[in-house]
file my_file.pdb (PDB, C-alpha atoms)
ATOM      1  CA  MET F  16      -0.281 -25.526 -16.325
ATOM      2  CA  THR F  17      -1.109 -22.844 -13.770
ATOM      3  CA  ILE F  18      -2.212 -19.278 -14.480
ATOM      4  CA  ARG F  19      -0.128 -16.735 -12.569
ATOM      5  CA  ALA F  20      -0.623 -12.977 -12.151
ATOM      6  CA  VAL F  21       2.823 -11.652 -13.083
ATOM      7  CA  VAL F  22       4.068  -8.115 -12.464
ATOM      8  CA  ARG F  23       4.514  -6.278 -15.748
ATOM      9  CA  GLY F  24       5.318  -2.791 -14.458
ATOM     10  CA  VAL F  25       5.244  -0.454 -11.465
ATOM     11  CA  GLY F  26       5.053   3.315 -11.082
ATOM     12  CA  HIS F  27       4.413   6.000  -8.505
ATOM     13  CA  TYR F  28       3.569   9.649  -8.027
ATOM     14  CA  LEU F  29       4.307  12.005  -5.139
ATOM     15  CA  PRO F  30       2.932  15.534  -4.717
ATOM     16  CA  GLU F  31       5.488  18.295  -5.213
ATOM     17  CA  ARG F  32       5.193  19.705  -1.704
ATOM     18  CA  VAL F  33       7.690  18.151   0.708
ATOM     19  CA  VAL F  34       6.995  18.708   4.413
ATOM     20  CA  PRO F  35      10.002  18.130   6.714
ATOM     21  CA  ASN F  36       9.621  17.336  10.401
ATOM     22  CA  ALA F  37      10.720  20.883  11.229
ATOM     23  CA  TRP F  38       7.426  22.168   9.778
ATOM     24  CA  PHE F  39       5.589  20.730  12.778
ATOM     25  CA  GLU F  40       7.849  22.296  15.399
ATOM     26  CA  ASP F  41       6.106  25.684  15.185
ATOM     27  CA  ARG F  42       2.637  24.121  15.277
ATOM     28  CA  ILE F  43       2.648  21.450  17.990
ATOM     29  CA  ASP F  44       4.809  20.336  20.899
ATOM     30  CA  THR F  45       7.265  18.162  18.989
ATOM     31  CA  THR F  46      10.765  18.090  17.534
ATOM     32  CA  ASP F  47      12.486  16.543  14.566
ATOM     33  CA  ASP F  48      14.412  14.228  16.902
ATOM     34  CA  TRP F  49      11.232  13.093  18.681
ATOM     35  CA  ILE F  50       9.481  12.262  15.396
ATOM     36  CA  LYS F  51      12.486  10.376  14.016
ATOM     37  CA  SER F  52      13.060   8.424  17.216
ATOM     38  CA  ARG F  53       9.405   7.328  17.468
ATOM     39  CA  SER F  54       8.665   6.646  13.802
ATOM     40  CA  GLY F  55      11.766   6.886  11.613
ATOM     41  CA  ILE F  56      10.002   9.557   9.536
ATOM     42  CA  GLU F  57      11.998  12.564   8.355
ATOM     43  CA  ARG F  58       9.714  14.074   5.739
ATOM     44  CA  ARG F  59       6.488  13.454   3.841
ATOM     45  CA  HIS F  60       4.597  14.869   0.842
ATOM     46  CA  PHE F  61       1.299  16.766   1.051
ATOM     47  CA  ALA F  62      -1.060  17.217  -1.878
ATOM     48  CA  ALA F  63      -1.537  20.750  -3.167
ATOM     49  CA  ASP F  64      -4.814  22.604  -2.783
ATOM     50  CA  GLY F  65      -7.217  21.120  -5.311
ATOM     51  CA  GLU F  66      -5.041  18.051  -5.898
ATOM     52  CA  THR F  67      -7.169  14.961  -5.277
ATOM     53  CA  THR F  68      -6.612  11.278  -4.667
ATOM     54  CA  SER F  69      -7.732  10.433  -8.206
ATOM     55  CA  ASP F  70      -5.184  12.937  -9.565
ATOM     56  CA  LEU F  71      -2.384  11.168  -7.705
ATOM     57  CA  ALA F  72      -3.713   7.743  -8.724
ATOM     58  CA  ALA F  73      -3.943   8.635 -12.422
ATOM     59  CA  ASN F  74      -0.352   9.888 -12.469
ATOM     60  CA  ALA F  75       0.895   6.706 -10.814
ATOM     61  CA  ALA F  76      -1.185   4.597 -13.206
ATOM     62  CA  ASN F  77       0.313   6.291 -16.256
ATOM     63  CA  ALA F  78       3.824   5.784 -14.858
ATOM     64  CA  ALA F  79       3.190   2.053 -14.354
ATOM     65  CA  LEU F  80       1.672   1.683 -17.826
ATOM     66  CA  ASP F  81       4.727   3.371 -19.342
ATOM     67  CA  ILE F  82       7.066   0.944 -17.588
ATOM     68  CA  ALA F  83       4.865  -1.973 -18.652
ATOM     69  CA  GLY F  84       4.792  -0.751 -22.262
ATOM     70  CA  LEU F  85       1.004  -0.913 -22.308
ATOM     71  CA  LYS F  86      -1.854   1.407 -23.164
ATOM     72  CA  ALA F  87      -4.788   1.976 -20.858
ATOM     73  CA  ASP F  88      -7.163   0.232 -23.260
ATOM     74  CA  GLU F  89      -5.136  -2.961 -22.836
ATOM     75  CA  ILE F  90      -6.196  -3.134 -19.163
ATOM     76  CA  ASP F  91      -9.248  -5.221 -18.264
ATOM     77  CA  ALA F  92      -9.613  -4.397 -14.565
ATOM     78  CA  LEU F  93      -8.612  -1.314 -12.590
ATOM     79  CA  ILE F  94      -8.680  -1.370  -8.783
ATOM     80  CA  VAL F  95      -7.942   1.607  -6.551
ATOM     81  CA  ALA F  96      -7.205   0.979  -2.881
ATOM     82  CA  THR F  97      -8.005   4.144  -0.929
ATOM     83  CA  SER F  98      -9.675   5.494   2.187
ATOM     84  CA  THR F  99      -9.636   9.068   0.906
ATOM     85  CA  ALA F 100     -11.570   8.984  -2.367
ATOM     86  CA  ASP F 101     -12.489  12.328  -3.949
ATOM     87  CA  LEU F 102     -16.235  11.806  -3.554
ATOM     88  CA  THR F 103     -18.645   9.498  -1.763
ATOM     89  CA  PHE F 104     -19.373   8.202  -5.254
ATOM     90  CA  PRO F 105     -18.516   7.519  -7.989
ATOM     91  CA  SER F 106     -15.445   5.491  -7.118
ATOM     92  CA  ALA F 107     -11.984   6.939  -7.503
ATOM     93  CA  ALA F 108     -11.285   3.993  -9.795
ATOM     94  CA  THR F 109     -13.859   5.052 -12.379
ATOM     95  CA  MET F 110     -12.438   8.572 -12.305
ATOM     96  CA  VAL F 111      -8.958   7.187 -12.942
ATOM     97  CA  GLN F 112     -10.339   4.895 -15.653
ATOM     98  CA  HIS F 113     -11.616   7.954 -17.517
ATOM     99  CA  ARG F 114      -8.538  10.078 -16.824
ATOM    100  CA  ILE F 115      -6.081   7.570 -18.298
ATOM    101  CA  GLY F 116      -8.214   6.787 -21.360
ATOM    102  CA  MET F 117      -9.314   3.269 -20.427
ATOM    103  CA  THR F 118     -12.554   2.945 -22.378
ATOM    104  CA  GLY F 119     -13.352  -0.716 -21.675
ATOM    105  CA  GLY F 120     -13.138  -3.168 -18.826
ATOM    106  CA  PHE F 121     -14.248  -2.316 -15.304
ATOM    107  CA  ALA F 122     -13.042  -0.338 -12.311
ATOM    108  CA  PHE F 123     -13.806  -0.305  -8.590
ATOM    109  CA  ASP F 124     -12.408   0.806  -5.233
ATOM    110  CA  VAL F 125     -11.248  -1.294  -2.291
ATOM    111  CA  GLN F 126     -11.336   0.204   1.213
ATOM    112  CA  ALA F 127      -9.186  -1.595   3.780
ATOM    113  CA  VAL F 128      -7.252   1.480   4.954
ATOM    114  CA  CYS F 129      -3.497   0.785   5.188
ATOM    115  CA  ALA F 130      -4.051  -2.857   4.182
ATOM    116  CA  GLY F 131      -5.921  -1.715   1.081
ATOM    117  CA  PHE F 132      -3.204  -2.456  -1.455
ATOM    118  CA  VAL F 133      -2.725  -6.015  -0.182
ATOM    119  CA  PHE F 134      -6.494  -6.579  -0.378
ATOM    120  CA  ALA F 135      -6.652  -5.025  -3.872
ATOM    121  CA  LEU F 136      -3.694  -7.098  -5.071
ATOM    122  CA  SER F 137      -5.418 -10.240  -3.824
ATOM    123  CA  GLN F 138      -8.608  -9.306  -5.680
ATOM    124  CA  ALA F 139      -6.687  -8.601  -8.887
ATOM    125  CA  ASN F 140      -4.951 -11.954  -8.575
ATOM    126  CA  ALA F 141      -8.306 -13.703  -8.173
ATOM    127  CA  LEU F 142      -9.686 -11.967 -11.270
ATOM    128  CA  ILE F 143      -6.703 -13.049 -13.350
ATOM    129  CA  VAL F 144      -6.517 -16.621 -12.048
ATOM    130  CA  SER F 145     -10.272 -17.074 -12.625
ATOM    131  CA  GLY F 146     -10.006 -15.764 -16.192
ATOM    132  CA  GLN F 147     -12.148 -12.673 -15.637
ATOM    133  CA  ALA F 148      -9.244 -10.393 -16.560
ATOM    134  CA  LYS F 149      -6.023 -10.803 -18.497
ATOM    135  CA  ARG F 150      -4.428  -7.608 -17.232
ATOM    136  CA  ALA F 151      -5.160  -5.636 -14.072
ATOM    137  CA  LEU F 152      -3.956  -2.249 -12.905
ATOM    138  CA  VAL F 153      -3.807  -2.044  -9.100
ATOM    139  CA  ILE F 154      -3.345   1.370  -7.494
ATOM    140  CA  GLY F 155      -2.905   2.534  -3.925
ATOM    141  CA  ALA F 156      -3.563   6.258  -3.531
ATOM    142  CA  GLU F 157      -4.205   8.494  -0.545
ATOM    143  CA  THR F 158      -4.515  12.115   0.542
ATOM    144  CA  PHE F 159      -4.380  11.473   4.280
ATOM    145  CA  SER F 160      -3.405  15.102   4.905
ATOM    146  CA  ARG F 161      -7.130  15.858   4.422
ATOM    147  CA  ILE F 162      -8.166  13.803   7.469
ATOM    148  CA  ILE F 163      -5.360  14.685   9.875
ATOM    149  CA  ASP F 164      -5.968  16.690  13.048
ATOM    150  CA  PHE F 165      -2.927  18.952  13.001
ATOM    151  CA  GLU F 166      -3.359  19.676  16.692
ATOM    152  CA  ASP F 167      -2.890  15.986  17.540
ATOM    153  CA  ARG F 168       0.796  15.493  18.361
ATOM    154  CA  ALA F 169       0.543  11.708  18.219
ATOM    155  CA  THR F 170      -0.876  11.308  14.708
ATOM    156  CA  SER F 171      -0.324  14.477  12.687
ATOM    157  CA  VAL F 172       3.387  13.823  12.126
ATOM    158  CA  LEU F 173       2.949  10.281  10.846
ATOM    159  CA  PHE F 174       1.052  10.540   7.567
ATOM    160  CA  GLY F 175       1.651  11.719   4.025
ATOM    161  CA  ASP F 176       0.110  11.673   0.555
ATOM    162  CA  GLY F 177       1.078   9.714  -2.529
ATOM    163  CA  ALA F 178       0.188   6.978  -4.987
ATOM    164  CA  GLY F 179       1.719   3.831  -6.418
ATOM    165  CA  ALA F 180       0.546   1.430  -9.100
ATOM    166  CA  LEU F 181       1.305  -2.060 -10.343
ATOM    167  CA  VAL F 182       0.319  -3.799 -13.585
ATOM    168  CA  LEU F 183      -0.416  -7.533 -13.425
ATOM    169  CA  GLU F 184      -0.704  -9.798 -16.452
ATOM    170  CA  ALA F 185      -1.782 -13.421 -16.820
ATOM    171  CA  ALA F 186       1.037 -15.831 -17.636
ATOM    172  CA  ASP F 187       1.468 -19.594 -17.667
ATOM    173  CA  GLY F 188       3.393 -21.218 -14.854
ATOM    174  CA  ASP F 189       4.172 -24.788 -13.905
ATOM    175  CA  GLY F 190       2.551 -24.510 -10.476
ATOM    176  CA  SER F 191       5.809 -24.416  -8.503
ATOM    177  CA  THR F 192       7.191 -21.679  -6.271
ATOM    178  CA  ALA F 193       9.728 -20.964  -9.000
ATOM    179  CA  ASP F 194       6.931 -19.409 -11.069
ATOM    180  CA  ARG F 195       6.951 -15.658 -11.492
ATOM    181  CA  GLY F 196       3.835 -13.930 -10.202
ATOM    182  CA  ILE F 197       1.631 -14.066  -7.127
ATOM    183  CA  LEU F 198       2.114 -17.365  -5.309
ATOM    184  CA  ALA F 199      -0.060 -16.919  -2.210
ATOM    185  CA  THR F 200      -2.232 -14.436  -0.341
ATOM    186  CA  ASP F 201      -3.624 -14.224   3.180
ATOM    187  CA  LEU F 202      -6.361 -11.766   4.237
ATOM    188  CA  ASN F 203      -7.814 -11.119   7.687
ATOM    189  CA  SER F 204     -10.014  -8.667   9.585
ATOM    190  CA  ASP F 205     -11.470  -8.216  13.062
ATOM    191  CA  GLY F 206     -14.000  -5.443  13.647
ATOM    192  CA  SER F 207     -13.762  -5.733  17.426
ATOM    193  CA  PHE F 208     -10.627  -3.560  17.238
ATOM    194  CA  ARG F 209     -12.362  -0.683  15.458
ATOM    195  CA  ASP F 210     -11.749   1.851  18.224
ATOM    196  CA  ILE F 211      -7.945   1.667  18.157
ATOM    197  CA  LEU F 212      -7.672   3.136  14.648
ATOM    198  CA  TYR F 213     -10.517   4.982  12.937
ATOM    199  CA  VAL F 214     -11.817   8.278  11.554
ATOM    200  CA  ASP F 215     -14.444   9.918  13.766
ATOM    201  CA  GLY F 216     -16.722  10.986  10.918
ATOM    202  CA  GLY F 217     -18.375   9.824   7.732
ATOM    203  CA  VAL F 218     -21.274  10.140   5.348
ATOM    204  CA  SER F 219     -24.018   8.817   7.618
ATOM    205  CA  THR F 220     -22.910  11.129  10.438
ATOM    206  CA  GLN F 221     -22.678  14.068   8.009
ATOM    207  CA  THR F 222     -19.180  14.919   9.199
ATOM    208  CA  THR F 223     -15.722  14.532   7.673
ATOM    209  CA  GLY F 224     -13.895  13.570  10.836
ATOM    210  CA  TYR F 225     -10.252  13.123  11.725
ATOM    211  CA  LEU F 226      -8.024  10.094  12.110
ATOM    212  CA  ARG F 227      -7.844   8.794  15.685
ATOM    213  CA  MET F 228      -5.380   6.187  16.896
ATOM    214  CA  GLN F 229      -4.344   4.389  20.076
ATOM    215  CA  GLY F 230      -0.680   4.157  19.137
ATOM    216  CA  LYS F 231       0.496   1.584  21.667
ATOM    217  CA  GLU F 232      -2.356  -0.783  20.858
ATOM    218  CA  VAL F 233      -1.840  -0.417  17.111
ATOM    219  CA  PHE F 234       1.884  -1.115  17.528
ATOM    220  CA  ARG F 235       1.222  -4.262  19.560
ATOM    221  CA  HIS F 236      -1.305  -5.673  17.102
ATOM    222  CA  ALA F 237       0.765  -4.658  14.076
ATOM    223  CA  VAL F 238       3.915  -6.544  15.028
ATOM    224  CA  GLU F 239       2.030  -9.680  16.043
ATOM    225  CA  LYS F 240      -0.399  -9.782  13.139
ATOM    226  CA  LEU F 241       1.995  -8.741  10.365
ATOM    227  CA  ALA F 242       4.510 -11.452  11.189
ATOM    228  CA  ALA F 243       1.716 -14.021  11.524
ATOM    229  CA  THR F 244       0.053 -13.212   8.204
ATOM    230  CA  ALA F 245       3.411 -13.259   6.393
ATOM    231  CA  HIS F 246       4.227 -16.682   7.862
ATOM    232  CA  THR F 247       0.762 -17.953   6.941
ATOM    233  CA  ALA F 248       1.033 -16.771   3.342
ATOM    234  CA  LEU F 249       4.503 -18.295   2.982
ATOM    235  CA  GLY F 250       3.354 -21.527   4.591
ATOM    236  CA  LYS F 251       0.567 -21.927   2.036
ATOM    237  CA  VAL F 252       3.234 -22.643  -0.588
ATOM    238  CA  GLY F 253       5.752 -24.365   1.652
ATOM    239  CA  LEU F 254       8.128 -21.429   2.058
ATOM    240  CA  THR F 255       9.685 -19.719   5.090
ATOM    241  CA  GLY F 256      11.390 -16.454   5.925
ATOM    242  CA  ASP F 257      14.699 -18.006   4.851
ATOM    243  CA  ASP F 258      13.404 -18.152   1.262
ATOM    244  CA  VAL F 259      12.505 -14.451   1.135
ATOM    245  CA  ASP F 260      14.706 -12.071  -0.838
ATOM    246  CA  TRP F 261      12.827  -8.908   0.134
ATOM    247  CA  ILE F 262      10.121  -7.903   2.563
ATOM    248  CA  VAL F 263       8.262  -4.873   1.235
ATOM    249  CA  PRO F 264       6.132  -3.881   4.216
ATOM    250  CA  HIS F 265       3.516  -1.249   4.768
ATOM    251  CA  GLN F 266       5.569   1.811   5.667
ATOM    252  CA  ALA F 267       3.852   2.878   8.885
ATOM    253  CA  ASN F 268       6.629   3.112  11.430
ATOM    254  CA  LEU F 269      10.276   2.050  11.355
ATOM    255  CA  ARG F 270      10.007   0.360  14.756
ATOM    256  CA  ILE F 271       7.099  -1.771  13.518
ATOM    257  CA  ILE F 272       9.031  -2.665  10.361
ATOM    258  CA  LYS F 273      12.112  -3.723  12.348
ATOM    259  CA  SER F 274      10.122  -5.708  14.902
ATOM    260  CA  THR F 275       8.146  -7.535  12.220
ATOM    261  CA  ALA F 276      11.283  -8.422  10.260
ATOM    262  CA  SER F 277      12.862  -9.744  13.443
ATOM    263  CA  LYS F 278       9.847 -11.944  14.178
ATOM    264  CA  MET F 279      10.108 -13.303  10.636
ATOM    265  CA  GLY F 280      13.827 -13.994  11.019
ATOM    266  CA  VAL F 281      14.701 -11.653   8.158
ATOM    267  CA  GLY F 282      17.522  -9.116   8.467
ATOM    268  CA  MET F 283      16.927  -5.439   7.723
ATOM    269  CA  ASP F 284      19.314  -5.769   4.785
ATOM    270  CA  ARG F 285      16.440  -7.630   3.090
ATOM    271  CA  VAL F 286      13.738  -5.068   3.873
ATOM    272  CA  VAL F 287      12.774  -2.194   1.557
ATOM    273  CA  VAL F 288      12.333   0.922   3.712
ATOM    274  CA  THR F 289      10.950   4.240   2.443
ATOM    275  CA  VAL F 290       9.092   5.514   5.517
ATOM    276  CA  GLN F 291      11.783   8.111   6.200
ATOM    277  CA  ASP F 292      10.927   9.971   2.986
ATOM    278  CA  HIS F 293       7.159   9.488   2.692
ATOM    279  CA  GLY F 294       5.725   8.844   6.134
ATOM    280  CA  ASN F 295       2.706   6.578   6.305
ATOM    281  CA  THR F 296       0.880   6.889   2.978
ATOM    282  CA  SER F 297      -1.614   4.169   3.918
ATOM    283  CA  ALA F 298      -2.697   2.125   0.859
ATOM    284  CA  ALA F 299      -0.070   3.868  -1.280
ATOM    285  CA  SER F 300       2.933   2.845   0.814
ATOM    286  CA  ILE F 301       3.533  -0.663  -0.547
ATOM    287  CA  PRO F 302       3.364   0.190  -4.270
ATOM    288  CA  LEU F 303       5.528   3.257  -3.583
ATOM    289  CA  ALA F 304       8.104   1.045  -1.879
ATOM    290  CA  LEU F 305       7.932  -1.559  -4.644
ATOM    291  CA  THR F 306       8.538   1.078  -7.308
ATOM    292  CA  LEU F 307      11.496   2.574  -5.495
ATOM    293  CA  GLY F 308      12.877  -0.868  -4.637
ATOM    294  CA  VAL F 309      12.987  -1.644  -8.346
ATOM    295  CA  ALA F 310      14.371   1.783  -9.287
ATOM    296  CA  ASN F 311      17.122   1.494  -6.656
ATOM    297  CA  GLY F 312      18.219  -1.891  -7.979
ATOM    298  CA  GLN F 313      17.133  -3.786  -4.870
ATOM    299  CA  ILE F 314      14.288  -5.818  -6.367
ATOM    300  CA  LYS F 315      15.220  -7.884  -9.425
ATOM    301  CA  GLU F 316      13.420 -10.390 -11.618
ATOM    302  CA  GLY F 317      13.157 -13.741  -9.902
ATOM    303  CA  ASP F 318      13.310 -12.343  -6.360
ATOM    304  CA  LEU F 319      10.834 -13.691  -3.824
ATOM    305  CA  ILE F 320       8.875 -10.817  -2.273
ATOM    306  CA  VAL F 321       6.631 -10.737   0.789
ATOM    307  CA  THR F 322       4.489  -7.674   1.272
ATOM    308  CA  GLU F 323       2.302  -7.252   4.348
ATOM    309  CA  ALA F 324       0.116  -4.521   5.832
ATOM    310  CA  ILE F 325      -2.327  -3.739   8.615
ATOM    311  CA  GLY F 326      -4.887  -0.954   8.808
ATOM    312  CA  GLY F 327      -8.036   0.226  10.494
ATOM    313  CA  GLY F 328     -10.743  -2.360  10.904
ATOM    314  CA  LEU F 329      -8.558  -3.983  11.924
ATOM    315  CA  ALA F 330      -7.721  -5.429   8.509
ATOM    316  CA  TRP F 331      -4.433  -7.127   7.680
ATOM    317  CA  GLY F 332      -2.869  -9.469   5.152
ATOM    318  CA  ALA F 333       0.108 -10.524   3.112
ATOM    319  CA  VAL F 334       1.015 -11.411  -0.473
ATOM    320  CA  VAL F 335       3.876 -13.657  -1.591
ATOM    321  CA  LEU F 336       5.055 -13.085  -5.143
ATOM    322  CA  ARG F 337       8.031 -13.813  -7.308
ATOM    323  CA  TRP F 338       9.139 -10.745  -9.230
TER
END

call {"tool": "encode", "arguments": {"input": "my_file.pdb", "output": "structure tokens"}}
result
Amino acid sequence: MTIRAVVRGVGHYLPERVVPNAWFEDRIDTTDDWIKSRSGIERRHFAADGETTSDLAANAANAALDIAGLKADEIDALIVATSTADLTFPSAATMVQHRIGMTGGFAFDVQAVCAGFVFALSQANALIVSGQAKRALVIGAETFSRIIDFEDRATSVLFGDGAGALVLEAADGDGSTADRGILATDLNSDGSFRDILYVDGGVSTQTTGYLRMQGKEVFRHAVEKLAATAHTALGKVGLTGDDVDWIVPHQANLRIIKSTASKMGVGMDRVVVTVQDHGNTSAASIPLALTLGVANGQIKEGDLIVTEAIGGGLAWGAVVLRW
């Protein structure tokens, strides 16, 4: 008998404000066609004034709990993946824990930028497999609009705000790849690439800072490392790209998504794509895509899913799971 962390429910939340590409045309030297051709993005959501990351996360958490048919007090562990927490401390996770009425268990944040949800999902899996938690609520939530330099043509058009959540529950499996639940994970980081994607401020410098990115370098590393980590995760359980029903990638850039799928030998008809509607929502992008993949009838029980992401650090990884 093998303990598996099985998906019980997913949910998401997007701020009401929708910002189309045309909004940027009066502010910087860009066009709707330029943005779409470089990124595939057509629109994104921005949080309202006073709307925080924990607000978005709590709404997504409640949506996932509703789908799972669970109450907050039935959750043992709550993990929020975010780079844009409301405060330096306490964690966004403890704020969400209180907001949703979870009076027991424990909560903490994971910070791995755009790879945050993959890292958080891996941690939740480890907690369940080790017996430290029976049920875990994993949330990716971001308000990247707060750290964007809107005078920077290269980065300002790429990012949006949102949140997605996933409920995992311990279940017995037979140890084969036919089991439902998380089958394999692969996590990586390399701090020598810090300068190609970072925010130029923080607590110890007493500044907020803005996101800075060397786009060509990020693209090159993303395609190479995302395909590699997906292959590694699949290989850990003797699977290949041919076995995959759906890739649910980090929604950073349509060109990256297409190039990664090609390297994996998976057609775009087996890739869940939402970047056109949300932009890059960092740690929120994968759970957002998972939720919409289920709602759209793409992802069904028994499907083999690979989700992979890369973010500042650099940090990157992949999770293989059977829905």

call {"tool": "residues_near_point", "arguments": {"input": "my_file.pdb", "point": "(6.3, 1.8, 4.9)", "cutoff": "7 Å", "atoms": "all atoms listed in the file", "output": "PyMOL selection string"}}
result
chain F and resi 264-268+288-290+295+300-301

call {"tool": "closest_residue", "arguments": {"input": "my_file.pdb", "among": "F:Ser98, F:Ser207, F:Asn311, F:Thr306", "to": "Thr68 in chain F", "atoms": "all atoms listed in the file"}}
result
F:Ser98

call {"tool": "resolve_selection", "arguments": {"input": "my_file.pdb", "expression": "the PyMOL selection byres ((chain F and resi 67) around 9)", "output": "MDAnalysis selection string"}}
result
chainID F and resid 62:66 68:72 99:101 157:158

call {"tool": "resolve_selection", "arguments": {"input": "my_file.pdb", "expression": "the PyMOL selection byres ((chain F and resi 196) around 10)", "output": "list in words"}}
result
Ile18, Arg19, Ala20, Val21, Val22, Arg23, Asn140, Leu183, Glu184, Ala185, Ala186, Asp187, Gly188, Thr192, Ala193, Asp194, Arg195, Ile197, Leu198, Ala199, Gly317, Leu319, Ile320, Val335, Leu336, Arg337 and Trp338 of chain F

call {"tool": "residues_around", "arguments": {"input": "my_file.pdb", "residues": "range 213-221 of chain F", "least_positions_apart": "6", "cutoff": "12 Å", "atoms": "all atoms listed in the file", "output": "ChimeraX atom specification"}}
result
/F:98-99,102-104,127-129,159,161-164,170,206,227-230,233,326-330

call {"tool": "resolve_selection", "arguments": {"input": "my_file.pdb", "expression": "the PyMOL selection byres ((chain F and resi 31-48) around 12)", "output": "MDAnalysis selection string"}}
result
chainID F and resid 28:30 49:64 66 71 160 164:177 291:294

call {"tool": "axis_aligned_box", "arguments": {"input": "my_file.pdb", "around": "range 19-38 of chain F", "padding_each_side": "4 Å", "output": "JSON"}}
result
{"center_x": 5.0, "center_y": 2.7, "center_z": -2.3, "size_x": 19.3, "size_y": 46.9, "size_z": 35.0}

call {"tool": "residues_around", "arguments": {"input": "my_file.pdb", "residues": "Ser277 in chain F", "least_positions_apart": "6", "cutoff": "10 Å", "atoms": "all atoms listed in the file", "output": "compact mmCIF listing (two decimals) with C-alpha atoms, in the coordinates of the input"}}
result
# COMPACT_ATOMS: atom_id res chain seq x y z
CA VAL F 238 3.92 -6.54 15.03
CA ALA F 242 4.51 -11.45 11.19
CA ILE F 271 7.10 -1.77 13.52
CA MET F 283 16.93 -5.44 7.72

call {"tool": "atom_distance", "arguments": {"input": "my_file.pdb", "atom1": "CA of Leu93 in chain F", "atom2": "CA of Leu152 in chain F"}}
result
4.8 Å

call {"tool": "residues_around", "arguments": {"input": "my_file.pdb", "residues": "Phe123 in chain F", "least_positions_apart": "3", "cutoff": "8 Å", "atoms": "all atoms listed in the file", "output": "JSON, numbers by chain"}}
result
{"F": [93, 94, 95, 106, 107, 108, 109]}

call {"tool": "atom_distance", "arguments": {"input": "my_file.pdb", "atom1": "CA of Thr17 in chain F", "atom2": "CA of Ala151 in chain F"}}
result
17.7 Å

call {"tool": "closest_residue", "arguments": {"input": "my_file.pdb", "among": "F:Asn77, F:Ala139, F:Val144, F:Ala87", "to": "Met16 in chain F", "atoms": "all atoms listed in the file"}}
result
F:Val144

call {"tool": "atom_distance", "arguments": {"input": "my_file.pdb", "atom1": "CA of Arg235 in chain F", "atom2": "CA of Ile272 in chain F"}}
result
12.2 Å

call {"tool": "residues_near_point", "arguments": {"input": "my_file.pdb", "point": "(12.3, -1.0, 0.2)", "cutoff": "8 Å", "atoms": "only C-alpha atoms", "output": "VMD selection string"}}
result
chain F and resid 261 to 264 286 to 289 304 to 305 307 to 308 313

call {"tool": "closest_residue", "arguments": {"input": "my_file.pdb", "among": "F:Asp88, F:Asp260, F:Asp318, F:Asp205", "to": "Trp331 in chain F", "atoms": "only C-alpha atoms"}}
result
F:Asp205

call {"tool": "closest_residue", "arguments": {"input": "my_file.pdb", "among": "F:Ser274, F:Thr97, F:Thr244, F:Ser191", "to": "Ala324 in chain F", "atoms": "all atoms listed in the file"}}
result
F:Thr244
